[in-house]
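Trainee: One structure is given below, represented as structure tokens, and several questions about it will come after.
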Amino acid sequence: MSGPLSGVRVVELGGIGPAPFAAMMMSDLGAEVVRIDRPLGGDLGEHQRHELDLLLRGRRSIALDLKARRGQETVLRLLDRADVLLDPFRPGVAERLGIGPGPVLERNPRLIYGRMTGWGQTGPLATAAGHDINYVALAGPLAAIGRRDAPPPPVLNLVGDFGGGGMVMVVGVLAALLERAGSNRGQVIDAAMVDGTAALFASIVGFMNMGVWNGNREDNFLDGGAPYYDSYATADGRYITIGSIEPQFYALLLDRLGLDPGEWPQDDRSRWPALRVRLTEIFASATRDHWVEVFEGTDVCFAPVLTVDEAMAHPHLKARGTYVTEFGMRQPAPVPRFDRTPGSIQSPPCSPGEHTRAALADWGFAEREIAELIEAGVAVDRPRVTSA
């Protein structure tokens with residue numbers, strides 16, 4: 001294994017969304033990650049076709065029945081050798097399974113116990129179900145996103161699940177590992193997507209405090225209100241983006257389009273609607289590739305709106321290797337980049353239980369013990385599933 005987290009051992013309890021994303025990030029950075037999946041035939045509560053799910057790349061899967069006493073004991077033994085646990089369950093579930101922070105940290109006081117939830121471990125909504133759109137809505141950002149004459153749109157699940165959830169968990173784990181180097185003690189991390197989403201919203205809340213951002217959607221300089229920071233349709237039915245916020249970038253935009261700066265003062269909000277109409281007309285008069293030739297690489301702050309296939313072929317992303325094809329699949333490369341200890345995609349996405357025997361053996365279980373767990377139905381060892 002390579003990467004700055006080489007030597008760090010992580011146990012991931014199977015779930016969807018932010019916890020697998022955090023596990024993927026840590027694996028990409030060199031950690032050894034073992035995922036505990038439910039036995040074959042159970043209600044996995046996960047997307048099917050696991051072997052194509054990029055969030056499951058880079059680790060091995062052990063299938064265990066966590067409702068069985070011996071399954072719980074097996075997890076506790078794994079955690080005795082682990083540095084990090086990723087718990088994706090609602091508050092109280094791990095406790096009911098006998099693998100909550102109490103017994104786990106009593107056995108391994110150095111463990112970093114990461115708890116990944118939507119609403120957090122405390123509060124009136126702590127045990128309620130939810131998804132990304134709900135956390136982004138309650139934390140405030142969704143009210144500021146979208147066009148004024150339509151409901152706020154779903155913003156994929158990038159903000160709550162991955163930005164405010166999984167990425168915040170990774171930051172928490174890294175900080176806890178750094179602190180542990182001095183204290184020699186682990187701790188519990190309460191990473192809530194609603195909290196992380198609020199943290200991502202800090203700059204906009206700051207603009208509100210300054211009085212330079214109002215509460216109306218599509219009426220501010222970053223939300224589509226300003227015509228110089230938006231996306232536009234082109235003649236071939238594609239799209240481009242303009243982000244000319246700074247005065248010198250705005251001046252360059254007008255210059256490239258042959259527009260008179262005196263007629264279009266940037267800060268005159270009364271002129272914004274007319275400028276939007278004019279820019280819409282101009283950009284719709286030529287193809288996306290034409291505007292790429294006009295603007296790309298300049299300080300206008302421009303980019304075409306690309307599909308994944310187009311992004312992979314773009315000269316800049318291609319030169320950087322932002323997307324790679326490994327194990328026969330296109331996928332984003334590990335981030336961030338390190339000059340001495342680069343990360344890597346360690347293996348293709350795992351199928352539930354495909355590494356049960358090998359992973360348990362590597363984590364200290366005798367072959368006889370593994371055979372007994374499988375014979376009792378507590379553990380399941382299954383061949384890798386491949387797509388037709």
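In the structure tokens, the first chain shown is A, the next is B, and so on; residue numbers restart at 1 for each chain, and ligands run from 1 in the order shown.
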Please identify the helix (DSSP H, G or I) residues within stretch 286-326 of chain A (assignment by DSSP from backbone atoms) and present them as number ranges by chain.
Mentor: A: 288-295, 308-313, 315-320
Trainee: Need the shell around A:Ser347: protein/DNA/RNA residues with any atom at most 9 Å away, counting only C-alpha atoms. Skip same-chain ones fewer than 3 positions apart. Format as a list in words?
Mentor: Arg57, Gly58, Arg59, Arg60, Glu326, Phe327, Ser344 and Cys350 of chain A
Trainee: What are the closest atom pairs, with distances in Å to one decimal, for each residue of stretch 225-258 of chain A lying within 6 Å of stretch 271-287 of chain A, using only C-alpha atoms, rows by chain and rising residue number, as JSON lines?
Mentor:
{"residue": "A:Pro227", "atom": "CA", "partner": "A:Arg276", "partner_atom": "CA", "distance": 5.0}
{"residue": "A:Ala233", "atom": "CA", "partner": "A:Ala284", "partner_atom": "CA", "distance": 5.8}
{"residue": "A:Thr234", "atom": "CA", "partner": "A:Ala284", "partner_atom": "CA", "distance": 4.2}
{"residue": "A:Ala235", "atom": "CA", "partner": "A:Ala284", "partner_atom": "CA", "distance": 4.6}
{"residue": "A:Asp236", "atom": "CA", "partner": "A:Thr287", "partner_atom": "CA", "distance": 5.3}
Trainee: List the spatial neighbours of A:Arg96 as JSON, numbers by chain - criterion: any atom at most 12 Å away, only C-alpha atoms, same-chain residues fewer than 3 positions off excluded.
Mentor: {"A": [66, 67, 68, 69, 72, 89, 90, 91, 92, 93, 99, 100, 101, 102, 103]}
Trainee: Name all residues at most 7 Å from stretch 33-41 of chain A (count only C-alpha atoms; drop same-chain ones fewer than 2 positions away) and give them as an MDAnalysis selection string.
Mentor: chainID A and resid 9:14 23 27 31 43:44 59:65 352:353 379:380
Trainee: Tell me which protein, DNA and RNA residues are within 12 Å of A:Ile16, counting only C-alpha atoms, leaving out same-chain ones fewer than 6 positions away, and put them as a VMD selection string.
Mentor: chain A and resid 22 to 24 35 37 44 to 48 50 53 to 56 86 to 89 116 to 118 131 to 132 157 161 to 162 165 to 166
Trainee: Which is closer to A:Glu246 than all the others in A:Leu76, A:Ala359, A:Val300, A:Leu174, using only C-alpha atoms?
Mentor: A:Val300
Trainee: Residues at most 12 Å from A:Tyr250, counting only C-alpha atoms, excluding those fewer than 3 positions away in the same chain, as a list in words?
Mentor: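 Everything that qualifies: Ala226, Pro227, Tyr228, Tyr229, Ile242, Gly243, Ser244, Ile245, Glu246, Pro247, Leu253, Leu254, Asp255, Arg256, Leu257, Leu259, Asp260, Pro261, Trp264, Pro265, Gln266, Asp267, Thr298, Asp299, Val300, Cys301 and Phe302 of chain A.
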Trainee: Separation of atom CA of A:Gly15 and atom CA of A:Arg115, in Å?
Mentor: 11.8 Å
Trainee: Just checking: using only C-alpha atoms, which residue out of A:Asp28, A:Ala251, A:Thr325, A:Thr74 ends up closest to A:Ala313?
Mentor: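 Under the stated criterion, the closest residue is A:Thr325.
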Trainee: Ranking A:Tyr135, A:Pro334, A:Trp363, A:Arg180 by minimum distance to A:Val75 and counting only C-alpha atoms, which one comes first?
Mentor: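 Of the candidates, the smallest distance to A:Val75 is held by A:Trp363.
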Trainee: Based on the backbone DSSP call, show me all residues of stretch 13-220 of chain A assigned strand (DSSP E or B), as a ChimeraX atom specification.
Mentor: /A:13,32-37,60-64,84-87,112-117,155,157,187-192
